[in-house]
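Participant: My structure is in structure04.pdb, and what it holds is PDB, C-alpha atoms:
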```pdb
MODEL        1
ATOM      1  CA  MET A   1      17.995  50.710  50.187
ATOM      2  CA  MET A   2      18.283  50.105  46.441
ATOM      3  CA  ASN A   3      20.921  52.828  46.176
ATOM      4  CA  ASP A   4      23.045  51.267  48.894
ATOM      5  CA  PRO A   5      26.550  50.754  47.384
ATOM      6  CA  ALA A   6      27.083  47.684  49.547
ATOM      7  CA  ARG A   7      24.169  45.919  47.849
ATOM      8  CA  ALA A   8      25.171  46.805  44.248
ATOM      9  CA  PRO A   9      26.906  43.447  43.617
ATOM     10  CA  LEU A  10      23.763  41.642  44.834
ATOM     11  CA  TRP A  11      21.546  43.613  42.438
ATOM     12  CA  ALA A  12      24.012  43.055  39.592
ATOM     13  CA  ALA A  13      23.992  39.293  40.262
ATOM     14  CA  LEU A  14      20.178  39.249  40.413
ATOM     15  CA  GLN A  15      19.986  41.176  37.149
ATOM     16  CA  ALA A  16      22.456  38.764  35.491
ATOM     17  CA  GLU A  17      20.367  35.780  36.675
ATOM     18  CA  LEU A  18      17.177  37.364  35.329
ATOM     19  CA  LEU A  19      18.857  38.055  31.968
ATOM     20  CA  PHE A  20      20.107  34.456  31.827
ATOM     21  CA  LEU A  21      16.630  33.127  32.653
ATOM     22  CA  SER A  22      15.136  35.390  29.961
ATOM     23  CA  ALA A  23      17.661  34.092  27.427
ATOM     24  CA  LEU A  24      16.750  30.484  28.312
ATOM     25  CA  LEU A  25      13.038  31.196  27.926
ATOM     26  CA  ILE A  26      13.558  32.934  24.585
ATOM     27  CA  GLY A  27      15.701  30.006  23.392
ATOM     28  CA  TRP A  28      12.993  27.526  24.425
ATOM     29  CA  TYR A  29      10.349  29.663  22.687
ATOM     30  CA  LEU A  30      12.412  29.746  19.476
ATOM     31  CA  LEU A  31      12.880  25.962  19.578
ATOM     32  CA  GLU A  32       9.149  25.360  20.012
ATOM     33  CA  THR A  33       8.372  27.820  17.209
ATOM     34  CA  ARG A  34      10.779  25.966  14.921
ATOM     35  CA  LYS A  35       9.076  22.658  15.745
ATOM     36  CA  MET A  36       5.724  24.189  14.816
ATOM     37  CA  ARG A  37       7.123  25.482  11.507
ATOM     38  CA  VAL A  38       8.574  22.073  10.615
ATOM     39  CA  ALA A  39       5.273  20.358  11.485
ATOM     40  CA  ALA A  40       3.350  22.850   9.336
ATOM     41  CA  GLU A  41       5.735  22.276   6.399
ATOM     42  CA  ARG A  42       5.279  18.498   6.726
ATOM     43  CA  GLN A  43       1.510  18.914   6.800
ATOM     44  CA  VAL A  44       1.525  21.052   3.657
ATOM     45  CA  GLU A  45       3.901  18.598   1.913
ATOM     46  CA  ALA A  46       1.658  15.658   2.865
ATOM     47  CA  GLY A  47      -1.297  17.454   1.318
ATOM     48  CA  PHE A  48       0.456  17.729  -2.058
ATOM     49  CA  ARG A  49       2.663  14.632  -1.993
ATOM     50  CA  PRO A  50       2.844  12.580  -5.202
ATOM     51  CA  ALA A  51       2.606   8.777  -5.130
ATOM     52  CA  VAL A  52       3.595   6.900  -8.286
ATOM     53  CA  ILE A  53       2.384   3.329  -8.839
ATOM     54  CA  LEU A  54       2.695   0.810 -11.662
ATOM     55  CA  THR A  55      -0.375  -0.573 -13.428
ATOM     56  CA  PHE A  56      -0.885  -2.714 -16.492
ATOM     57  CA  ASN A  57      -3.329  -2.145 -19.310
ATOM     58  CA  GLN A  58      -4.246  -5.682 -20.390
ATOM     59  CA  THR A  59      -6.117  -4.443 -23.454
ATOM     60  CA  MET A  60      -2.979  -2.839 -24.874
ATOM     61  CA  ASN A  61      -0.510  -5.203 -23.113
ATOM     62  CA  LEU A  62       1.469  -2.219 -21.849
ATOM     63  CA  ALA A  63       2.725  -1.241 -18.409
ATOM     64  CA  ARG A  64       2.117   2.285 -17.229
ATOM     65  CA  VAL A  65       2.901   4.512 -14.283
ATOM     66  CA  GLU A  66       0.217   6.526 -12.580
ATOM     67  CA  ASN A  67       0.345   9.234  -9.956
ATOM     68  CA  ILE A  68      -2.292   8.539  -7.308
ATOM     69  CA  GLY A  69      -0.993  11.231  -4.966
ATOM     70  CA  LYS A  70      -2.356  14.701  -4.320
ATOM     71  CA  GLY A  71       0.258  16.683  -6.241
ATOM     72  CA  PRO A  72       2.219  16.325  -9.467
ATOM     73  CA  ALA A  73       5.281  14.084  -9.600
ATOM     74  CA  MET A  74       8.214  15.937 -11.149
ATOM     75  CA  GLU A  75      11.328  14.490 -12.833
ATOM     76  CA  VAL A  76       9.959  10.927 -12.837
ATOM     77  CA  LYS A  77      12.599   8.273 -13.584
ATOM     78  CA  TRP A  78      11.702   4.607 -13.924
ATOM     79  CA  SER A  79      13.701   1.450 -14.496
ATOM     80  CA  LEU A  80      12.798  -2.202 -14.916
ATOM     81  CA  LYS A  81      14.987  -4.434 -12.771
ATOM     82  CA  GLU A  82      16.870  -7.171 -14.670
ATOM     83  CA  SER A  83      16.408  -5.199 -17.872
ATOM     84  CA  ASP A  84      17.906  -2.290 -19.760
ATOM     85  CA  LEU A  85      14.496  -0.661 -20.020
ATOM     86  CA  ALA A  86      14.287   2.721 -18.332
ATOM     87  CA  GLY A  87      12.832   6.103 -19.018
ATOM     88  CA  THR A  88      11.854   9.513 -17.732
ATOM     89  CA  PHE A  89       8.864  11.820 -17.670
ATOM     90  CA  SER A  90       9.168  15.512 -16.921
ATOM     91  CA  TYR A  91       6.049  15.249 -14.743
ATOM     92  CA  LEU A  92       3.034  13.070 -14.002
ATOM     93  CA  GLN A  93      -0.283  14.687 -13.245
ATOM     94  CA  GLN A  94      -2.611  13.113 -10.752
ATOM     95  CA  GLY A  95      -4.782  10.474 -12.406
ATOM     96  CA  ALA A  96      -3.139  10.755 -15.845
ATOM     97  CA  PRO A  97      -1.225   7.492 -16.479
ATOM     98  CA  GLU A  98       1.741   7.407 -18.825
ATOM     99  CA  TYR A  99       2.754   4.276 -20.698
ATOM    100  CA  LEU A 100       6.267   2.967 -20.233
ATOM    101  CA  SER A 101       7.810   3.023 -23.667
ATOM    102  CA  LYS A 102       8.672  -0.454 -24.974
ATOM    103  CA  CYS A 103       7.538  -2.048 -21.702
ATOM    104  CA  ASN A 104       4.962  -4.586 -22.861
ATOM    105  CA  ASP A 105       4.064  -7.973 -21.423
ATOM    106  CA  ARG A 106       6.858  -9.695 -23.405
ATOM    107  CA  GLU A 107       9.473  -7.370 -21.896
ATOM    108  CA  LEU A 108       8.046  -7.944 -18.419
ATOM    109  CA  PHE A 109       8.191 -11.739 -18.805
ATOM    110  CA  GLN A 110      11.768 -11.571 -20.071
ATOM    111  CA  ALA A 111      12.787  -9.504 -17.049
ATOM    112  CA  ALA A 112      10.982 -11.927 -14.710
ATOM    113  CA  GLU A 113      12.778 -14.907 -16.250
ATOM    114  CA  LYS A 114      16.151 -13.257 -15.552
ATOM    115  CA  THR A 115      15.402 -13.150 -11.809
ATOM    116  CA  GLY A 116      15.466 -16.938 -11.709
ATOM    117  CA  ASP A 117      12.620 -17.321  -9.216
ATOM    118  CA  ASP A 118       9.494 -19.377  -9.863
ATOM    119  CA  VAL A 119       7.139 -16.601  -8.790
ATOM    120  CA  MET A 120       7.505 -14.576 -12.005
ATOM    121  CA  ASN A 121       7.855 -11.201 -10.305
ATOM    122  CA  VAL A 122       9.120  -8.075 -11.998
ATOM    123  CA  VAL A 123      10.226  -4.952 -10.191
ATOM    124  CA  VAL A 124       9.926  -1.388 -11.454
ATOM    125  CA  HIS A 125      11.623   1.363  -9.469
ATOM    126  CA  CYS A 126      10.466   4.985  -9.800
ATOM    127  CA  SER A 127      12.075   8.079  -8.329
ATOM    128  CA  TYR A 128      10.433  11.496  -8.437
ATOM    129  CA  ARG A 129      10.128  14.884  -6.722
ATOM    130  CA  SER A 130       7.248  16.933  -5.387
ATOM    131  CA  LEU A 131       6.704  20.564  -6.363
ATOM    132  CA  SER A 132       8.556  21.628  -3.222
ATOM    133  CA  GLY A 133      11.583  19.553  -4.249
ATOM    134  CA  HIS A 134      11.240  16.684  -1.760
ATOM    135  CA  ALA A 135      12.548  13.426  -3.237
ATOM    136  CA  TYR A 136      10.427  10.270  -3.166
ATOM    137  CA  SER A 137      10.578   6.813  -4.656
ATOM    138  CA  SER A 138       8.317   3.848  -5.141
ATOM    139  CA  THR A 139       9.097   0.253  -5.948
ATOM    140  CA  ALA A 140       6.376  -1.789  -7.625
ATOM    141  CA  THR A 141       6.576  -5.569  -7.648
ATOM    142  CA  CYS A 142       4.267  -7.249 -10.132
ATOM    143  CA  ASN A 143       3.355 -10.921  -9.986
ATOM    144  CA  LEU A 144       2.962 -11.772 -13.678
ATOM    145  CA  GLN A 145       0.952 -14.917 -12.963
ATOM    146  CA  ASN A 146      -2.014 -12.982 -11.563
ATOM    147  CA  MET A 147      -1.023  -9.412 -12.556
ATOM    148  CA  GLN A 148      -1.175  -8.163  -8.975
ATOM    149  CA  PHE A 149       0.980  -5.235  -7.949
ATOM    150  CA  ASN A 150       2.518  -4.450  -4.580
ATOM    151  CA  THR A 151       4.000  -0.967  -4.251
ATOM    152  CA  THR A 152       6.172   0.373  -1.455
ATOM    153  CA  PHE A 153       6.819   4.088  -1.033
ATOM    154  CA  SER A 154       9.746   5.881   0.576
ATOM    155  CA  GLU A 155      11.250   9.317   1.002
ATOM    156  CA  ASP A 156      14.748   9.706  -0.372
TER     157      ASP A 156
ENDMDL
END
```
As structure tokens, please, write out the structure in this file.
Facilitator:
Amino acid sequence: MMNDPARAPLWAALQAELLFLSALLIGWYLLETRKMRVAAERQVEAGFRPAVILTFNQTMNLARVENIGKGPAMEVKWSLKESDLAGTFSYLQQGAPEYLSKCNDRELFQAAEKTGDDVMNVVVHCSYRSLSGHAYSSTATCNLQNMQFNTTFSED
């Protein structure tokens, strides 16, 4: 019955359908495997993600950046809005703050006065990379009246 020449086109069509179904299942499997790989990469990145914030040392009257994330921040660039002050650090270790050169309380107040608002806020923008090369940024807004900081983080 299987060797019947009259049924050969039927068997060929059935075989083609089974091959097509197999290809669809393999494609679906590959897509799901890719999703799992991407999720695993995100999980690993989250475990070593840097997070740079701005703090102020009132004893020394100097602003500083600090990495409170889990991994080092590489190629850190910072700039003070409404000012020419900016700088770079090759990296920031976790929990090891670095002082912003020439960024003391006088410089902060001058930058805040240029904004023209009564709140006396200054904004410092930082951009940096993780060890895996992912780009991140943080923007710290400091209220100079009470020295409180509000930092927002984003992925670039």
Participant: Quick one: which residues end up in the PyMOL selection byres ((chain A and resi 58-75) around 6) for this structure, as a PyMOL selection string?
Facilitator: chain A and resi 48-57+76+90-95+97-100+103-105+128-130
Participant: Keeping C-alpha atoms, export the residues of the selection given above as a JSON list (two decimals), in the frame of the given file.
Facilitator:
```json
[["chain", "number", "residue", "atom", "x", "y", "z"],
["A", 48, "PHE", "CA", 0.46, 17.73, -2.06],
["A", 49, "ARG", "CA", 2.66, 14.63, -1.99],
["A", 50, "PRO", "CA", 2.84, 12.58, -5.20],
["A", 51, "ALA", "CA", 2.61, 8.78, -5.13],
["A", 52, "VAL", "CA", 3.60, 6.90, -8.29],
["A", 53, "ILE", "CA", 2.38, 3.33, -8.84],
["A", 54, "LEU", "CA", 2.70, 0.81, -11.66],
["A", 55, "THR", "CA", -0.38, -0.57, -13.43],
["A", 56, "PHE", "CA", -0.88, -2.71, -16.49],
["A", 57, "ASN", "CA", -3.33, -2.14, -19.31],
["A", 76, "VAL", "CA", 9.96, 10.93, -12.84],
["A", 90, "SER", "CA", 9.17, 15.51, -16.92],
["A", 91, "TYR", "CA", 6.05, 15.25, -14.74],
["A", 92, "LEU", "CA", 3.03, 13.07, -14.00],
["A", 93, "GLN", "CA", -0.28, 14.69, -13.24],
["A", 94, "GLN", "CA", -2.61, 13.11, -10.75],
["A", 95, "GLY", "CA", -4.78, 10.47, -12.41],
["A", 97, "PRO", "CA", -1.23, 7.49, -16.48],
["A", 98, "GLU", "CA", 1.74, 7.41, -18.82],
["A", 99, "TYR", "CA", 2.75, 4.28, -20.70],
["A", 100, "LEU", "CA", 6.27, 2.97, -20.23],
["A", 103, "CYS", "CA", 7.54, -2.05, -21.70],
["A", 104, "ASN", "CA", 4.96, -4.59, -22.86],
["A", 105, "ASP", "CA", 4.06, -7.97, -21.42],
["A", 128, "TYR", "CA", 10.43, 11.50, -8.44],
["A", 129, "ARG", "CA", 10.13, 14.88, -6.72],
["A", 130, "SER", "CA", 7.25, 16.93, -5.39]]
```
Participant: Find, counting only C-alpha atoms, the residue in A:Asn150, A:Leu144, A:Ala96, A:His134 that gets nearest to A:Glu41.
Facilitator: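 Going through A:Asn150, A:Leu144, A:Ala96, A:His134 one by one, the smallest distance to A:Glu41 is for A:His134.
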Participant: Hey, can you pull every residue with an atom no more than 8 Å from (5.5, -8.6, -14.5), using all atoms listed in the file, and send it as a PDB file with C-alpha atoms, keeping the file's coordinate frame?
Facilitator:
```
ATOM      1  CA  ASP A 105       4.064  -7.973 -21.423  1.00  0.00           C
ATOM      2  CA  LEU A 108       8.046  -7.944 -18.419  1.00  0.00           C
ATOM      3  CA  PHE A 109       8.191 -11.739 -18.805  1.00  0.00           C
ATOM      4  CA  ALA A 111      12.787  -9.504 -17.049  1.00  0.00           C
ATOM      5  CA  ALA A 112      10.982 -11.927 -14.710  1.00  0.00           C
ATOM      6  CA  MET A 120       7.505 -14.576 -12.005  1.00  0.00           C
ATOM      7  CA  ASN A 121       7.855 -11.201 -10.305  1.00  0.00           C
ATOM      8  CA  VAL A 122       9.120  -8.075 -11.998  1.00  0.00           C
ATOM      9  CA  VAL A 123      10.226  -4.952 -10.191  1.00  0.00           C
ATOM     10  CA  THR A 141       6.576  -5.569  -7.648  1.00  0.00           C
ATOM     11  CA  CYS A 142       4.267  -7.249 -10.132  1.00  0.00           C
ATOM     12  CA  ASN A 143       3.355 -10.921  -9.986  1.00  0.00           C
ATOM     13  CA  LEU A 144       2.962 -11.772 -13.678  1.00  0.00           C
ATOM     14  CA  GLN A 145       0.952 -14.917 -12.963  1.00  0.00           C
ATOM     15  CA  MET A 147      -1.023  -9.412 -12.556  1.00  0.00           C
TER      16      MET A 147
END
```
Participant: Kindly give the distance, in Å, that separates atom CA of A:Leu25 and atom CA of A:Pro9, rounded to a single decimal.
Facilitator: 24.3 Å
Participant: Between atom CA of A:Lys35 and atom CA of A:Ser132, what is the distance in Å, rounded to a tenth?
Facilitator: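 Between atom CA of A:Lys35 and atom CA of A:Ser132 the gap works out to 19.0 Å.
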Participant: Which one is closest to A:Glu45: A:Ala86, A:Ile26, A:Ala140, A:Ala135? Count all atoms listed in the file.
Facilitator: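 Checking each of A:Ala86, A:Ile26, A:Ala140, A:Ala135 against A:Glu45, counting all atoms listed in the file, the winner is A:Ala135.
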Participant: To box stretch 78-91 of chain A, take all atoms listed in the file, fit an axis-aligned box, add 4 Å on each side, and give centre and edge lengths in Å to one decimal, as AutoDock Vina command-line options.
Facilitator:
```
--center_x 12.0 --center_y 4.2 --center_z -16.4 --size_x 19.9 --size_y 30.7 --size_z 15.2
```
Participant: Record the distance separating atom CA of A:Gln43 and atom CA of A:Val124, expressed in Å with one decimal.
Facilitator: 28.6 Å
Participant: For the provided coordinates, the residues matched by the PyMOL selection byres ((chain A and resi 156) around 9) should be stated as a PyMOL selection string.
Facilitator: chain A and resi 127+134-137+154-155
Participant: I'd like the residues picked by the PyMOL selection byres ((chain A and resi 83) around 9) written out as a PyMOL selection string, using the chain letters and numbers from the file.
Facilitator: chain A and resi 79-82+84-86+107-108+110-111+114
Participant: Check the smallest atom-to-atom distance from each of A:Leu31, A:Ala46, A:Ala40, A:Cys126 to A:Trp78 using all atoms listed in the file, then report the winner.
Facilitator: A:Cys126
Participant: Could you rebuild stretch 65-88 of chain A with N, CA and C atoms and give it back as a PDB file, keeping the file's coordinate frame?
Facilitator:
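The resulting file, selection_25.pdb, is reproduced below:
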```pdb
ATOM      1  N   VAL A  65       2.764   3.929 -15.611  1.00  0.00           N
ATOM      2  CA  VAL A  65       2.901   4.512 -14.283  1.00  0.00           C
ATOM      3  C   VAL A  65       1.780   5.524 -14.114  1.00  0.00           C
ATOM      4  N   GLU A  66       1.308   5.608 -12.877  1.00  0.00           N
ATOM      5  CA  GLU A  66       0.217   6.526 -12.580  1.00  0.00           C
ATOM      6  C   GLU A  66       0.478   7.198 -11.241  1.00  0.00           C
ATOM      7  N   ASN A  67       0.197   8.464 -11.190  1.00  0.00           N
ATOM      8  CA  ASN A  67       0.345   9.234  -9.956  1.00  0.00           C
ATOM      9  C   ASN A  67      -1.001   9.239  -9.235  1.00  0.00           C
ATOM     10  N   ILE A  68      -1.054   8.569  -8.085  1.00  0.00           N
ATOM     11  CA  ILE A  68      -2.292   8.539  -7.308  1.00  0.00           C
ATOM     12  C   ILE A  68      -2.221   9.489  -6.115  1.00  0.00           C
ATOM     13  N   GLY A  69      -1.164  10.280  -6.060  1.00  0.00           N
ATOM     14  CA  GLY A  69      -0.993  11.231  -4.966  1.00  0.00           C
ATOM     15  C   GLY A  69      -1.815  12.483  -5.173  1.00  0.00           C
ATOM     16  N   LYS A  70      -1.586  13.452  -4.296  1.00  0.00           N
ATOM     17  CA  LYS A  70      -2.356  14.701  -4.320  1.00  0.00           C
ATOM     18  C   LYS A  70      -1.715  15.790  -5.172  1.00  0.00           C
ATOM     19  N   GLY A  71      -0.428  15.656  -5.452  1.00  0.00           N
ATOM     20  CA  GLY A  71       0.258  16.683  -6.241  1.00  0.00           C
ATOM     21  C   GLY A  71       1.002  16.056  -7.395  1.00  0.00           C
ATOM     22  N   PRO A  72       1.500  16.870  -8.315  1.00  0.00           N
ATOM     23  CA  PRO A  72       2.219  16.325  -9.467  1.00  0.00           C
ATOM     24  C   PRO A  72       3.560  15.725  -9.056  1.00  0.00           C
ATOM     25  N   ALA A  73       3.961  14.694  -9.787  1.00  0.00           N
ATOM     26  CA  ALA A  73       5.281  14.084  -9.600  1.00  0.00           C
ATOM     27  C   ALA A  73       6.193  14.681 -10.674  1.00  0.00           C
ATOM     28  N   MET A  74       7.289  15.273 -10.237  1.00  0.00           N
ATOM     29  CA  MET A  74       8.214  15.937 -11.149  1.00  0.00           C
ATOM     30  C   MET A  74       9.452  15.060 -11.352  1.00  0.00           C
ATOM     31  N   GLU A  75      10.075  15.188 -12.515  1.00  0.00           N
ATOM     32  CA  GLU A  75      11.328  14.490 -12.833  1.00  0.00           C
ATOM     33  C   GLU A  75      11.212  12.993 -12.530  1.00  0.00           C
ATOM     34  N   VAL A  76      10.208  12.344 -13.084  1.00  0.00           N
ATOM     35  CA  VAL A  76       9.959  10.927 -12.837  1.00  0.00           C
ATOM     36  C   VAL A  76      10.957  10.092 -13.647  1.00  0.00           C
ATOM     37  N   LYS A  77      11.665   9.206 -12.935  1.00  0.00           N
ATOM     38  CA  LYS A  77      12.599   8.273 -13.584  1.00  0.00           C
ATOM     39  C   LYS A  77      12.163   6.871 -13.212  1.00  0.00           C
ATOM     40  N   TRP A  78      12.088   5.985 -14.191  1.00  0.00           N
ATOM     41  CA  TRP A  78      11.702   4.607 -13.924  1.00  0.00           C
ATOM     42  C   TRP A  78      12.713   3.656 -14.546  1.00  0.00           C
ATOM     43  N   SER A  79      12.835   2.485 -13.942  1.00  0.00           N
ATOM     44  CA  SER A  79      13.701   1.450 -14.496  1.00  0.00           C
ATOM     45  C   SER A  79      13.131   0.082 -14.147  1.00  0.00           C
ATOM     46  N   LEU A  80      13.247  -0.828 -15.091  1.00  0.00           N
ATOM     47  CA  LEU A  80      12.798  -2.202 -14.916  1.00  0.00           C
ATOM     48  C   LEU A  80      13.991  -3.028 -14.486  1.00  0.00           C
ATOM     49  N   LYS A  81      13.890  -3.625 -13.300  1.00  0.00           N
ATOM     50  CA  LYS A  81      14.987  -4.434 -12.771  1.00  0.00           C
ATOM     51  C   LYS A  81      15.213  -5.635 -13.683  1.00  0.00           C
ATOM     52  N   GLU A  82      16.461  -6.050 -13.815  1.00  0.00           N
ATOM     53  CA  GLU A  82      16.870  -7.171 -14.670  1.00  0.00           C
ATOM     54  C   GLU A  82      16.600  -6.875 -16.142  1.00  0.00           C
ATOM     55  N   SER A  83      16.646  -5.597 -16.499  1.00  0.00           N
ATOM     56  CA  SER A  83      16.408  -5.199 -17.872  1.00  0.00           C
ATOM     57  C   SER A  83      17.125  -3.878 -18.129  1.00  0.00           C
ATOM     58  N   ASP A  84      17.321  -3.578 -19.385  1.00  0.00           N
ATOM     59  CA  ASP A  84      17.906  -2.290 -19.760  1.00  0.00           C
ATOM     60  C   ASP A  84      16.841  -1.230 -19.955  1.00  0.00           C
ATOM     61  N   LEU A  85      15.581  -1.611 -19.797  1.00  0.00           N
ATOM     62  CA  LEU A  85      14.496  -0.661 -20.020  1.00  0.00           C
ATOM     63  C   LEU A  85      14.442   0.364 -18.887  1.00  0.00           C
ATOM     64  N   ALA A  86      14.393   1.615 -19.283  1.00  0.00           N
ATOM     65  CA  ALA A  86      14.287   2.721 -18.332  1.00  0.00           C
ATOM     66  C   ALA A  86      13.777   3.935 -19.102  1.00  0.00           C
ATOM     67  N   GLY A  87      13.311   4.898 -18.365  1.00  0.00           N
ATOM     68  CA  GLY A  87      12.832   6.103 -19.018  1.00  0.00           C
ATOM     69  C   GLY A  87      12.552   7.213 -18.036  1.00  0.00           C
ATOM     70  N   THR A  88      12.146   8.347 -18.565  1.00  0.00           N
ATOM     71  CA  THR A  88      11.854   9.513 -17.732  1.00  0.00           C
ATOM     72  C   THR A  88      10.591  10.204 -18.251  1.00  0.00           C
TER      73      THR A  88
END
```
